[in-house]
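Report on the structure given below.
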Amino acid sequence: MPVDGKTIQKNDMYSPVIESLKKSLKDTFEIPEGYTYKEYDEYFVSGSRKEFERKYFMYRRRLAASFMLYYIYEADEYRDILVETIWCICNEFSWCLPCHSKNETEISEKFDFIDLFAAETGEAMAEILHFMGDKLPERLTSRMRFELNRRIFAPFERKTFWWETVDFNWSAVCAGCVGMAYLYENKEAFEKVKPRILGAMDCFLSGFSEEGVCFEGLDYWNYGFGYYIYFAELLLNMTGEDLLHREMAEKAAHFQQKMFISGTIVSFSDCPREVNYSPGLTAFLAKTYKNIHIPQGINPSYMDFCGRFASAVRNVLWQDESTSISEETGTEFLKTAGGFLAHKQNFSFAAKAGNNDEPHNHNDVGSFILAANGDQVLCDYGSGEYTQAYFTPETRYLDLCNSSLGHSVPIIDETAQSAGAEFAAAEVAAGEDFFTADIGGAYKHKSLQSLKRRFEVRENGVALCDTYAFSDNDKHEICERFVSLKKPILTKDGVQIGGFVLKCDSEPTFSEGIVKNHSTMQPETLYFIDYCGDFKTFALEILKIK
């Protein structure tokens, strides 16, 4: 490891991460120990994931925190916690989450399938063995190697997995973790499986747009691209083979800084609005590529709820005080991704075109975010609570988080947008301060010919204009919907939300919807501002209040 424990103790730069590790460790003891059958089975009964996962991830957070604290201090108290945590994880029925297992009674499937979290656990065990194995009881390290072989190496050599050929986070996380475990613990066997591991990494990079946009959003960029980098760094150090200096990897490395707008997040798709940045990953990217920076006011996150081991360890060992802090400015048109970003003095704006079959898709063609002072004024809620229904095609778009009814896009004759790659924007274009797209193709509506949405970004706000064309002369009930987590107030000047006012010739109506937060799983209120009528053209201004 690049930094020793005594150096970490003496350097004030590490004080925040050490305190974070101690807090994470303490917090994991507030949850009852052990698993029950009912907790494991709850996903198959009701579709709820939280009952089992809160304990599963508690053990992962405890593993990462106790490992790093033992690495830093070499104190018996941390060693004892680490040993017992490893033993508990080795005793788990499966390292694969119930939501990624088949709902059947055959036990072998649970041990055969390598999901994201089984792979992460295997990587953690291999990394601990590599760096600390001689300081752990021999009986424990023997058990760790037995479980690694049983749960990771043997299944991977026995069969191929669907995630080896996908172009989103699963390929990088699963293959990256499996590859790291081989490099640490079974380097000779790695040469046999290397083509599969590198092939999965190629598939992962192929999912980025030409500009390096991750369609899954910033949170999944942190996850998938993070594990791509962790594996690539280890591969380079152990074999000399370089996956870091690929053109698409370098483009993808710059995605993070594009997604911070006015102190908040571009939260399209299943991206939580509260994503921070990983200081270790960001510091490594800044040393590896040019022009990497973090905007002012964005906070570091040393360990996520899932306790991802590789990330947590590198947030200590890779962090660097030299990471540049600066603001994004001007506008950027991400043409192949169908995205647009604009930064003004008092606010930022993001809009998307795209299609309704993107990874972690929401039906949100034409949606937008207006952000100021670290908050979203008009919002994209981002990811909701992950349940069985949330990821079932027949029920996914009944959830407001995923439905176009929960986004700032029109509802046409009570018709929301439809899911599928064919439901897409067309004629996407942008200039210095405008973004336009025909989003009519996102609706399964028999007479809608086009819906041309145009945004003009000004110094004091944003002007929106929607132009409709139908193949008939019938009246059509258009509901122009705008969504906020802030309660709107009707004033003589228009609808006030935060420090902005919505100005329109039509009268608004107000309603609410309830969604559940992905991170806290607690209910929150979405506020809907609807302007309804038989519009051929609809115009709205969103202006900064002086």
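Labels used: A, B, ... for chains in the order of the structure tokens, numbers from 1 for residues in each chain, and numbers from 1 for ligands as shown.
The list of residues with at least one atom within 12 Å of Asp41 (chain A), based on only C-alpha atoms and without residues fewer than 5 positions apart in the same chain, reads Tyr35, Thr36, Ser46, Gly47, Ser48, Arg49, Lys50, Glu51, Phe52, Glu53, Leu97, Pro98, Cys99, Ser101, Lys102, Asn103, Glu104 and Thr105 of chain A.
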Can I get the selection written as a compact mmCIF listing (two decimals), in the first residue's frame, with C-alpha atoms?
# COMPACT_ATOMS: atom_id res chain seq x y z
CA TYR A 35 -29.49 -12.79 9.91
CA THR A 36 -32.87 -14.44 10.21
CA SER A 46 -43.04 -8.84 -0.45
CA GLY A 47 -40.32 -7.54 -2.77
CA SER A 48 -38.73 -5.46 -0.01
CA ARG A 49 -34.93 -5.45 0.10
CA LYS A 50 -34.19 -3.37 3.19
CA GLU A 51 -34.78 -6.03 5.87
CA PHE A 52 -31.87 -8.20 4.73
CA GLU A 53 -29.67 -5.59 3.10
CA LEU A 97 -28.11 -10.62 -2.45
CA PRO A 98 -31.60 -12.18 -2.47
CA CYS A 99 -32.72 -9.71 -5.16
CA SER A 101 -30.84 -14.78 -6.68
CA LYS A 102 -33.46 -16.95 -8.31
CA ASN A 103 -36.60 -17.57 -6.30
CA GLU A 104 -36.24 -21.30 -6.12
CA THR A 105 -35.35 -23.83 -3.47
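Residue neighbourhood of Trp221 (chain A), excluding near-sequence residues (fewer than 3 positions): Phe168, Asn169, Phe208, Val213, Cys214, Phe215, Glu216, Gly217, Leu218, Gly224, Phe225, Gly226, Tyr227, Tyr228, Ala252, Ala253, Phe255, Gln256 and Cys271 of chain A, at 10 Å, using only C-alpha atoms.
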Take the selection from the previous step and output its residues with N, CA and C atoms, as a PDB file, in the first residue's frame.
ATOM      1  N   PHE A 168     -22.951  -1.753 -19.020  1.00  0.00           N
ATOM      2  CA  PHE A 168     -23.222  -0.874 -17.878  1.00  0.00           C
ATOM      3  C   PHE A 168     -22.488  -1.402 -16.654  1.00  0.00           C
ATOM      4  N   ASN A 169     -22.800  -0.876 -15.469  1.00  0.00           N
ATOM      5  CA  ASN A 169     -21.927  -1.041 -14.300  1.00  0.00           C
ATOM      6  C   ASN A 169     -21.615  -2.486 -13.931  1.00  0.00           C
ATOM      7  N   PHE A 208     -20.510   4.015 -22.817  1.00  0.00           N
ATOM      8  CA  PHE A 208     -20.413   5.472 -22.707  1.00  0.00           C
ATOM      9  C   PHE A 208     -20.685   6.121 -24.060  1.00  0.00           C
ATOM     10  N   VAL A 213     -20.160  10.185 -21.615  1.00  0.00           N
ATOM     11  CA  VAL A 213     -21.310  10.275 -20.716  1.00  0.00           C
ATOM     12  C   VAL A 213     -21.734   8.882 -20.269  1.00  0.00           C
ATOM     13  N   CYS A 214     -21.933   8.736 -18.956  1.00  0.00           N
ATOM     14  CA  CYS A 214     -22.482   7.512 -18.385  1.00  0.00           C
ATOM     15  C   CYS A 214     -23.993   7.687 -18.276  1.00  0.00           C
ATOM     16  N   PHE A 215     -24.746   6.918 -19.057  1.00  0.00           N
ATOM     17  CA  PHE A 215     -26.199   7.094 -19.096  1.00  0.00           C
ATOM     18  C   PHE A 215     -26.864   6.702 -17.780  1.00  0.00           C
ATOM     19  N   GLU A 216     -26.176   5.943 -16.945  1.00  0.00           N
ATOM     20  CA  GLU A 216     -26.740   5.545 -15.649  1.00  0.00           C
ATOM     21  C   GLU A 216     -26.665   6.651 -14.608  1.00  0.00           C
ATOM     22  N   GLY A 217     -25.946   7.705 -14.891  1.00  0.00           N
ATOM     23  CA  GLY A 217     -25.839   8.808 -13.957  1.00  0.00           C
ATOM     24  C   GLY A 217     -24.576   8.754 -13.112  1.00  0.00           C
ATOM     25  N   LEU A 218     -24.381   9.818 -12.328  1.00  0.00           N
ATOM     26  CA  LEU A 218     -23.134   9.997 -11.595  1.00  0.00           C
ATOM     27  C   LEU A 218     -22.906   8.916 -10.545  1.00  0.00           C
ATOM     28  N   GLY A 224     -19.389   1.944 -11.298  1.00  0.00           N
ATOM     29  CA  GLY A 224     -18.833   1.170 -12.404  1.00  0.00           C
ATOM     30  C   GLY A 224     -17.458   1.636 -12.832  1.00  0.00           C
ATOM     31  N   PHE A 225     -17.318   2.933 -13.091  1.00  0.00           N
ATOM     32  CA  PHE A 225     -16.019   3.433 -13.547  1.00  0.00           C
ATOM     33  C   PHE A 225     -14.992   3.356 -12.426  1.00  0.00           C
ATOM     34  N   GLY A 226     -15.450   3.506 -11.175  1.00  0.00           N
ATOM     35  CA  GLY A 226     -14.533   3.340 -10.055  1.00  0.00           C
ATOM     36  C   GLY A 226     -13.876   1.975 -10.074  1.00  0.00           C
ATOM     37  N   TYR A 227     -14.688   0.927 -10.250  1.00  0.00           N
ATOM     38  CA  TYR A 227     -14.099  -0.422 -10.265  1.00  0.00           C
ATOM     39  C   TYR A 227     -13.291  -0.677 -11.539  1.00  0.00           C
ATOM     40  N   TYR A 228     -13.640  -0.032 -12.618  1.00  0.00           N
ATOM     41  CA  TYR A 228     -12.778  -0.119 -13.808  1.00  0.00           C
ATOM     42  C   TYR A 228     -11.387   0.418 -13.462  1.00  0.00           C
ATOM     43  N   ALA A 252     -14.304   9.276 -20.095  1.00  0.00           N
ATOM     44  CA  ALA A 252     -15.183   8.910 -18.984  1.00  0.00           C
ATOM     45  C   ALA A 252     -14.697   9.517 -17.669  1.00  0.00           C
ATOM     46  N   ALA A 253     -13.397   9.695 -17.528  1.00  0.00           N
ATOM     47  CA  ALA A 253     -12.838  10.255 -16.305  1.00  0.00           C
ATOM     48  C   ALA A 253     -13.315  11.684 -16.063  1.00  0.00           C
ATOM     49  N   PHE A 255     -16.351  12.798 -16.745  1.00  0.00           N
ATOM     50  CA  PHE A 255     -17.814  12.855 -16.627  1.00  0.00           C
ATOM     51  C   PHE A 255     -18.251  13.440 -15.288  1.00  0.00           C
ATOM     52  N   GLN A 256     -17.551  13.062 -14.218  1.00  0.00           N
ATOM     53  CA  GLN A 256     -17.983  13.478 -12.883  1.00  0.00           C
ATOM     54  C   GLN A 256     -18.139  14.985 -12.772  1.00  0.00           C
ATOM     55  N   CYS A 271     -30.051   8.179 -10.281  1.00  0.00           N
ATOM     56  CA  CYS A 271     -28.940   8.849  -9.613  1.00  0.00           C
ATOM     57  C   CYS A 271     -29.487   9.635  -8.431  1.00  0.00           C
TER      58      CYS A 271
END
Return as JSON lines the residues of region 274-381 of chain A lying at most 8 Å from region 116-125 of chain A, together with the closest atom-to-atom pair for each and the distance in Å to one decimal, counting only C-alpha atoms, with rows in chain order and ascending residue number.
{"residue": "A:Arg308", "atom": "CA", "partner": "A:Glu120", "partner_atom": "CA", "distance": 7.0}
{"residue": "A:Phe309", "atom": "CA", "partner": "A:Ala124", "partner_atom": "CA", "distance": 5.8}
{"residue": "A:Ala310", "atom": "CA", "partner": "A:Ala124", "partner_atom": "CA", "distance": 6.8}
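With CA of Tyr43 (chain A) on one side and CA of Glu385 (chain A) on the other, the separation reads 13.2 Å.
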- Quick one: residues within 9 Å of region 342-344 of chain A, only C-alpha atoms counted, chain neighbours fewer than 6 positions away excluded, as an MDAnalysis selection string? chainID A and resid 261:262 328:333 350 432:433 457:461
Could you write out the selected residues, including N, CA, C and O atoms, as a CSV table (one decimal), in the first residue's frame?
chain,number,residue,atom,x,y,z
A,261,ILE,N,-23.9,20.7,-10.6
A,261,ILE,CA,-24.4,21.9,-11.1
A,261,ILE,C,-24.9,22.7,-9.9
A,261,ILE,O,-25.8,22.3,-9.1
A,262,SER,N,-24.3,23.9,-9.7
A,262,SER,CA,-24.7,24.8,-8.6
A,262,SER,C,-24.7,24.1,-7.3
A,262,SER,O,-25.6,24.3,-6.5
A,328,GLU,N,-17.4,24.7,-13.2
A,328,GLU,CA,-17.8,24.5,-14.6
A,328,GLU,C,-18.4,25.9,-15.0
A,328,GLU,O,-19.1,26.5,-14.2
A,329,THR,N,-18.1,26.3,-16.2
A,329,THR,CA,-18.7,27.5,-16.7
A,329,THR,C,-19.2,27.3,-18.1
A,329,THR,O,-18.9,26.3,-18.8
A,330,GLY,N,-20.1,28.2,-18.6
A,330,GLY,CA,-20.5,28.2,-20.0
A,330,GLY,C,-21.6,27.1,-20.2
A,330,GLY,O,-22.2,26.7,-19.3
A,331,THR,N,-21.7,26.7,-21.5
A,331,THR,CA,-22.6,25.7,-21.9
A,331,THR,C,-21.9,24.6,-22.5
A,331,THR,O,-20.8,24.7,-23.0
A,332,GLU,N,-22.5,23.4,-22.5
A,332,GLU,CA,-22.0,22.2,-23.2
A,332,GLU,C,-23.1,21.4,-23.7
A,332,GLU,O,-24.1,21.1,-23.0
A,333,PHE,N,-23.0,21.0,-25.0
A,333,PHE,CA,-23.9,20.2,-25.7
A,333,PHE,C,-23.3,18.8,-25.8
A,333,PHE,O,-22.3,18.6,-26.5
A,350,ALA,N,-29.8,21.9,-16.6
A,350,ALA,CA,-29.5,20.7,-17.3
A,350,ALA,C,-30.8,20.2,-18.0
A,350,ALA,O,-31.8,20.2,-17.4
A,432,GLU,N,-25.3,28.3,-28.2
A,432,GLU,CA,-24.7,28.9,-27.1
A,432,GLU,C,-25.6,28.9,-25.9
A,432,GLU,O,-25.2,28.6,-24.7
A,433,ASP,N,-26.9,29.3,-26.1
A,433,ASP,CA,-27.8,29.4,-24.9
A,433,ASP,C,-29.2,28.8,-25.3
A,433,ASP,O,-30.2,29.3,-24.7
A,457,VAL,N,-31.7,29.7,-22.4
A,457,VAL,CA,-31.1,30.0,-21.1
A,457,VAL,C,-30.6,31.5,-21.1
A,457,VAL,O,-29.7,31.8,-21.9
A,458,ARG,N,-31.1,32.3,-20.2
A,458,ARG,CA,-30.8,33.7,-20.1
A,458,ARG,C,-30.0,33.9,-18.8
A,458,ARG,O,-29.9,33.1,-18.0
A,459,GLU,N,-29.6,35.2,-18.7
A,459,GLU,CA,-28.8,35.5,-17.5
A,459,GLU,C,-29.7,35.5,-16.2
A,459,GLU,O,-29.2,35.2,-15.1
A,460,ASN,N,-31.0,35.7,-16.4
A,460,ASN,CA,-31.9,35.8,-15.2
A,460,ASN,C,-32.8,34.6,-15.2
A,460,ASN,O,-33.8,34.6,-14.4
A,461,GLY,N,-32.6,33.6,-16.0
A,461,GLY,CA,-33.5,32.4,-15.9
A,461,GLY,C,-33.6,31.7,-17.2
A,461,GLY,O,-32.8,31.8,-18.1
